[in-house]
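For reference, the structure discussed in these notes is given below.
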Protein chains: 2
Amino acid sequence: MSNDPPVVDDGGSLLKWAMPHVIYLDAISAVPPRPAAIAAMQSFLTEAWGNPMAPHLAGDRPKAAVERAREQVASLLGADPNEIIFTASGTEANNLAIKGIAAAAGRNRRRRLIISAVEHPSIMSSTRALEAQGYATTVLPVDSTGRVDPTRLHSALTADTALVSIQAASGEIGTLQAIAEIGAITRRAEVPFHVDAVAAAGRLPIDIGAMHIDALSCSSSQLGGPPGVGALVVRRGVRLEPLTHGGTQERGRRAGLENVPGIVGMGAAAELTRAELPSLRSRLDPLTARLRDGLKMKLDGWRVTGHPTERLPGHLSLVAEFVEGEALVMALSRDGLAAAAGVTCRERTAWRASPALLALGFEQSAAQGAVVFSLWSGNTADEIDRAIPLIAQNVMHLRELSPIYSARVPKV
Amino acid sequence: MSNDPPVVDDGGSLLKWAMPHVIYLDAISAVPPRPAAIAAMQSFLTEAWGNPMAPHLAGDRPKAAVERAREQVASLLGADPNEIIFTASGTEANNLAIKGIAAAAGRNRRRRLIISAVEHPSIMSSTRALEAQGYATTVLPVDSTGRVDPTRLHSALTADTALVSIQAASGEIGTLQAIAEIGAITRRAEVPFHVDAVAAAGRLPIDIGAMHIDALSCSSSQLGGPPGVGALVVRRGVRLEPLTHGGTQERGRRAGLENVPGIVGMGAAAELTRAELPSLRSRLDPLTARLRDGLKMKLDGWRVTGHPTERLPGHLSLVAEFVEGEALVMALSRDGLAAAAGVTCRERTAWRASPALLALGFEQSAAQGAVVFSLWSGNTADEIDRAIPLIAQNVMHLRELSPIYSARVPKV
């Protein structure tokens, strides 16, 4: 086997670039993997690669490693290890929560889903898929900062509500929701409460017990772990039907050979994240402020979106007038800066207005100009200082190309 | 980031063992990963870790790598790269095929599923989940060698048949099905034909065009790639609804951040497998024969299961009388030999009779004595010669402990 030729080179048509030269301000689409998390995976790729379900010595170490990772992820979220279901992504965790809890509740004729207007596409489209099966969705509006009013949620609850699903934080506009307050309401009403914490887990402290959360989704790639792994926490006693049937992996709640190296990487990343969490905001928010203030000095015609204070650490979202967000992101990419134009999980080609920004009351044209700068623990003040003029120059250049801008703004 | 402490050690309570000292005859539960496939993954863990959906430079190389892997997997199966949907496992691929094709066909009131009696639990339980939604399943019987009679399938086809799903080969009894013949029948009847090729892909030549296959499942771990990845091939024109909703990854057929390193590993493994395939049977079958004949010399009271010639390369399945298969596998494990007691995806604790062996006509007690020795390209004649006395000794020891055996067999 050791004579196998390497089959993937890194030249040819693949773009050559080294991350150190890139100003990476797109942590919300993937946090750079933590070297120790990647290192932890290695022996489960090369050595302890057995099937954890195998009742022999090749299964023992992989099985123990998965259980250790379960403890590490549970610790980050205030959960019990038995409450963790490993999935292949945050998106799969969201699908499993919405469809799995709805299917169990549907047997008792509870067929109403309540979500907010700023949920991730995986939540939005899971509820749409259920609507085709006879479920109904209530979409709660948000205010101009992107927040759900908990009293409004309270009024929306009905006797046939199967599930309330509200995100902890929006990766697109940064806004945090009042999760503990919403959790108290749903718990009193005895309605299952799912939280999409894909953007929040690893950036904010989460305790599913204190926050009255019944189910919570998170993603390895948002913790600095490898892609291809996520987790759904399901509190003991919450009824959920599996989406994937077959073997009895994950206590019968998600069949399929476990992604052992990925799960080990996610567990290690969760442990490292937990240690970093208390200092993360104080490290990142000064950099975000520096970026915001620097752009304010250089540029006019842009607005910060989302909530001014109740927001993700290191998250700056804005709309730049007379600029297409995607065009700006592509232009910045050519200058070595990575940023996002709203949600990454959308079509690469679609130059569409952000549904979340429309929900906040932005007009169509502004909602097309969304840009998100999301920082991670490796960003430096020097990077921010280099980013500011790059962003300002590119916005100005794109505006010069815009016929609408030229028509509206008199040349000096 | 480089100062992160390593969080996973490999000592402590985890069993220490090194694969070189183990006689690994359980390739059907996981093929030992190919070093070159694992090597190919590395730069997508440490360097090119961006989100392939990101419209900036960090997304470009991961996106190109996923497309390259799509070509590599497609080449192995005679498919077009656009026909490959990457999943998290062979089990997920089977679920997506059964439920996704059934959901699309169900809209046209086609609600009958036809499978065989020896399908994997992921097929069996996916059809059971659909039965709860108003679908009906026809389970085709098999003969004593485990084969489906294609004429019997032909008679079973109805106007409301949504899907026929027959495995290419059984991982449990090794028997191959007459896939091309069945495919010709389903194609004439214009009924979608899915093939669970998780055990077959990488061990047998497959051409979805020549075999008239509409959808086919396979797993990275069966090709010597990493776990956590699988693929479903869906021929152009076959209607399939996604199970996971959200982003537009995999052309809208499977949402969620792609497992880029895993996909790269699977692609590399597929390419290496394709090169190895022509010589695999001639390399493995003499070793399987050596094992079978060696056991025949040393031991009585056991029967080979499955088809005598139409079987997976390197696959020897048997029942040992008066022995529980799982007890034998655990005893062999203590002696450093890895084997399987039927399907690995079943409960670790359940000492149950194999449904596949019952379908072949074995009585309950014999079906509990199933053992599977499945070889991979790294096995040697020396390993087989060491395995034979280990297996014989352990069978004899377990029989001595069996009160039924003692009562039946007079001591000499």
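Order determines the names: the first chain of the structure tokens is A, the second B, and so forth; residues in each chain are numbered 1 upward, and ligands are numbered 1 upward as they are shown.
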Next on the checklist: Taking only stretch 27-272 of chain A into account, list the residues labelled alpha helix (DSSP H) by DSSP (computed from the backbone), as a PyMOL selection string.
Outcome noted: chain A and resi 35-46+57-77+90-106+121-131+150-156+179-189+260-272
Next on the checklist: Give me the residues near B:Asp143 as JSON, numbers by chain, where near means some atom within 9 Å (using only C-alpha atoms) and where sequence neighbours in that chain fewer than 5 positions away do not count.
Outcome noted: {"B": [148, 149, 359, 360, 361]}
Checklist entry - So, counting only C-alpha atoms, which residue among A:Ser144, A:Thr380, A:Val264, A:Gln222 is closest to A:Ala48? => result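 Closest to A:Ala48, using only C-alpha atoms: A:Val264.
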Can you list every residue of stretch 138-183 of chain B that has an atom at most 10 Å from stretch 21-41 of chain B, with its nearest atom pair and the distance in Å to one decimal, using only C-alpha atoms, ordered by chain then number, as JSON lines?
{"residue": "B:Ser170", "atom": "CA", "partner": "B:Ile28", "partner_atom": "CA", "distance": 9.7}
{"residue": "B:Gly171", "atom": "CA", "partner": "B:Ile28", "partner_atom": "CA", "distance": 6.1}
{"residue": "B:Glu172", "atom": "CA", "partner": "B:Ile28", "partner_atom": "CA", "distance": 8.3}
{"residue": "B:Gly174", "atom": "CA", "partner": "B:Ile28", "partner_atom": "CA", "distance": 9.8}
Could you turn the residues from that selection into a file that holds N, CA and C atoms, as a PDB file, in the first residue's frame?
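The result, written out as part30.pdb:
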ATOM      1  N   SER B 170     -23.821  -8.879  -1.536  1.00  0.00           N
ATOM      2  CA  SER B 170     -24.085  -8.854  -0.104  1.00  0.00           C
ATOM      3  C   SER B 170     -22.775  -8.877   0.663  1.00  0.00           C
ATOM      4  N   GLY B 171     -22.590  -7.925   1.549  1.00  0.00           N
ATOM      5  CA  GLY B 171     -21.415  -7.938   2.410  1.00  0.00           C
ATOM      6  C   GLY B 171     -21.459  -9.059   3.421  1.00  0.00           C
ATOM      7  N   GLU B 172     -22.639  -9.605   3.619  1.00  0.00           N
ATOM      8  CA  GLU B 172     -22.839 -10.598   4.666  1.00  0.00           C
ATOM      9  C   GLU B 172     -22.631 -12.025   4.148  1.00  0.00           C
ATOM     10  N   GLY B 174     -21.791 -12.546   0.657  1.00  0.00           N
ATOM     11  CA  GLY B 174     -20.878 -12.475  -0.476  1.00  0.00           C
ATOM     12  C   GLY B 174     -21.513 -12.627  -1.850  1.00  0.00           C
TER      13      GLY B 174
END
Enumerate, in order of chain and increasing residue number, the residues of stretch 222-269 of chain A with an atom no farther than 12 Å from stretch 76-89 of chain B, each with its shortest atom pair and distance in Å to one decimal, counting only C-alpha atoms, as a Markdown table.
| residue | atom | partner | partner_atom | distance |
| --- | --- | --- | --- | --- |
| A:Pro227 | CA | B:Ala88 | CA | 11.3 |
| A:Gly228 | CA | B:Ala88 | CA | 7.6 |
| A:Val229 | CA | B:Ala88 | CA | 9.1 |
| A:Gly230 | CA | B:Ala88 | CA | 11.4 |
| A:Thr244 | CA | B:Ser89 | CA | 10.3 |
| A:His245 | CA | B:Ser89 | CA | 11.7 |
| A:Gly246 | CA | B:Ser89 | CA | 11.1 |
| A:Gly247 | CA | B:Ser89 | CA | 11.6 |
| A:Arg254 | CA | B:Ser89 | CA | 11.1 |
| A:Ala255 | CA | B:Ser89 | CA | 9.0 |
| A:Gly256 | CA | B:Ser89 | CA | 5.8 |
| A:Leu257 | CA | B:Ser89 | CA | 6.3 |
| A:Glu258 | CA | B:Ser89 | CA | 8.2 |
| A:Asn259 | CA | B:Ala88 | CA | 7.9 |
| A:Val260 | CA | B:Ala88 | CA | 11.6 |
| A:Gly262 | CA | B:Ala88 | CA | 11.1 |
Save out the residues we just selected, N, CA and C atoms, as an mmCIF file, in the first residue's frame.
data_model
loop_
_atom_site.group_PDB
_atom_site.id
_atom_site.type_symbol
_atom_site.label_atom_id
_atom_site.label_comp_id
_atom_site.auth_asym_id
_atom_site.auth_seq_id
_atom_site.Cartn_x
_atom_site.Cartn_y
_atom_site.Cartn_z
ATOM 1 N N PRO A 227 -14.506 20.362 8.225
ATOM 2 C CA PRO A 227 -15.864 20.323 7.668
ATOM 3 C C PRO A 227 -16.343 18.876 7.624
ATOM 4 N N GLY A 228 -17.642 18.695 7.337
ATOM 5 C CA GLY A 228 -18.174 17.336 7.227
ATOM 6 C C GLY A 228 -18.713 16.794 8.534
ATOM 7 N N VAL A 229 -18.753 17.632 9.564
ATOM 8 C CA VAL A 229 -19.282 17.205 10.865
ATOM 9 C C VAL A 229 -20.104 18.315 11.479
ATOM 10 N N GLY A 230 -21.186 17.952 12.100
ATOM 11 C CA GLY A 230 -21.998 18.856 12.896
ATOM 12 C C GLY A 230 -22.580 18.068 14.033
ATOM 13 N N THR A 244 -32.317 9.402 8.776
ATOM 14 C CA THR A 244 -31.502 8.400 8.092
ATOM 15 C C THR A 244 -31.669 7.079 8.833
ATOM 16 N N HIS A 245 -32.193 6.080 8.135
ATOM 17 C CA HIS A 245 -32.466 4.787 8.754
ATOM 18 C C HIS A 245 -31.418 3.761 8.359
ATOM 19 N N GLY A 246 -31.170 2.808 9.249
ATOM 20 C CA GLY A 246 -30.217 1.751 8.938
ATOM 21 C C GLY A 246 -29.656 1.171 10.217
ATOM 22 N N GLY A 247 -28.359 1.327 10.436
ATOM 23 C CA GLY A 247 -27.722 0.805 11.633
ATOM 24 C C GLY A 247 -28.144 1.577 12.873
ATOM 25 N N ARG A 254 -29.444 8.371 14.051
ATOM 26 C CA ARG A 254 -28.787 8.800 12.807
ATOM 27 C C ARG A 254 -27.882 7.671 12.346
ATOM 28 N N ALA A 255 -28.370 6.901 11.363
ATOM 29 C CA ALA A 255 -27.656 5.720 10.897
ATOM 30 C C ALA A 255 -26.501 6.100 9.974
ATOM 31 N N GLY A 256 -25.540 5.196 9.857
ATOM 32 C CA GLY A 256 -24.413 5.379 8.938
ATOM 33 C C GLY A 256 -23.092 5.303 9.672
ATOM 34 N N LEU A 257 -22.094 4.726 8.987
ATOM 35 C CA LEU A 257 -20.742 4.663 9.545
ATOM 36 C C LEU A 257 -20.322 6.050 10.039
ATOM 37 N N GLU A 258 -19.839 6.128 11.252
ATOM 38 C CA GLU A 258 -19.451 7.410 11.831
ATOM 39 C C GLU A 258 -18.215 7.991 11.143
ATOM 40 N N ASN A 259 -18.196 9.309 10.980
ATOM 41 C CA ASN A 259 -17.025 10.025 10.477
ATOM 42 C C ASN A 259 -16.051 10.204 11.641
ATOM 43 N N VAL A 260 -15.373 9.115 12.016
ATOM 44 C CA VAL A 260 -14.582 9.137 13.249
ATOM 45 C C VAL A 260 -13.534 10.254 13.260
ATOM 46 N N GLY A 262 -13.411 13.056 11.639
ATOM 47 C CA GLY A 262 -14.110 14.341 11.697
ATOM 48 C C GLY A 262 -14.696 14.607 13.071
#
Item to check | Non-local contacts of stretch 322-329 of chain A (10 Å; only C-alpha atoms; under 3 positions in same chain excluded) as a count of residues only | outcome: 48
Next on the checklist: Need the shell around A:Thr186: protein/DNA/RNA residues with any atom at most 9 Å away, counting only C-alpha atoms. Skip same-chain ones fewer than 2 positions apart. Format as a PyMOL selection string?
Outcome noted: chain A and resi 153-154+157+164+181-184+188-193+212-213
Checklist entry - Which residue gives the smallest distance to chain A among B:Pro261, B:Pro286, B:Gly209, B:Gly237, with only C-alpha atoms counted? => result B:Pro261
Next on the checklist: I'd like the neighbourhood of stretch 120-129 of chain A as a PyMOL selection string, where a residue qualifies if any of its atoms comes within 10 Å (using only C-alpha atoms), though same-chain residues fewer than 4 positions away should be ignored.
Outcome noted: (chain A and resi 90-99+102+112-116+133-139+165-167+170-172+196+198-199+343+345-346+355-356) or (chain B and resi 242-248+255-256)
Next on the checklist: So the first atom is atom CA of B:Glu47 and the second is atom CA of B:Ala275; what is the distance between them in Å, to one decimal place?
Outcome noted: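 One can read the atom CA of B:Glu47 to atom CA of B:Ala275 distance as 28.4 Å.
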Surrounding residues of A:Gly146 excluding itself and chain neighbours under 4 positions, 7 Å, only C-alpha atoms, as a CSV table (one decimal) with all heavy atoms, in the first residue's frame:
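Okay, this is what ended up in result-v3.csv:
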chain,number,residue,atom,x,y,z
A,142,VAL,N,-39.3,40.4,12.4
A,142,VAL,CA,-38.2,41.0,13.2
A,142,VAL,C,-38.3,42.5,13.1
A,142,VAL,O,-38.8,43.0,12.2
A,142,VAL,CB,-36.8,40.4,12.8
A,142,VAL,CG1,-36.7,38.9,13.1
A,142,VAL,CG2,-36.5,40.7,11.3
A,175,THR,N,-27.1,39.7,14.5
A,175,THR,CA,-28.0,39.9,15.6
A,175,THR,C,-28.2,38.7,16.4
A,175,THR,O,-28.4,37.6,15.9
A,175,THR,CB,-29.3,40.4,15.1
A,175,THR,OG1,-29.1,41.6,14.3
A,175,THR,CG2,-30.3,40.7,16.2
A,306,GLY,N,-28.2,45.0,11.3
A,306,GLY,CA,-28.3,44.2,12.5
A,306,GLY,C,-28.3,45.1,13.7
A,306,GLY,O,-28.4,46.3,13.7
A,307,HIS,N,-28.2,44.5,14.9
A,307,HIS,CA,-28.3,45.2,16.1
A,307,HIS,C,-27.0,45.8,16.5
A,307,HIS,O,-25.9,45.2,16.2
A,307,HIS,CB,-28.7,44.2,17.2
A,307,HIS,CG,-29.2,44.8,18.5
A,307,HIS,ND1,-28.4,45.4,19.4
A,307,HIS,CD2,-30.5,45.0,18.9
A,307,HIS,CE1,-29.2,45.9,20.4
A,307,HIS,NE2,-30.5,45.7,20.1
A,360,LEU,N,-35.7,43.0,7.6
A,360,LEU,CA,-35.4,44.1,8.5
A,360,LEU,C,-35.9,45.4,7.9
A,360,LEU,O,-35.8,46.5,8.6
A,360,LEU,CB,-33.8,44.2,8.6
A,360,LEU,CG,-33.2,43.6,9.8
A,360,LEU,CD1,-33.3,42.0,9.7
A,360,LEU,CD2,-31.7,43.9,9.8
Next on the checklist: Given only C-alpha atoms as the basis, pick out the residue of B:Met330, B:Ala103, B:Leu299, B:Gly294 nearest to chain A.
Outcome noted: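 Smallest distance to chain A is found for B:Met330.
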Next on the checklist: Just checking: using only C-alpha atoms, which residue out of B:Arg386, B:Arg147, B:Arg110, B:Arg251 ends up closest to chain A?
Outcome noted: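 The answer is B:Arg251, which sits nearest to chain A.
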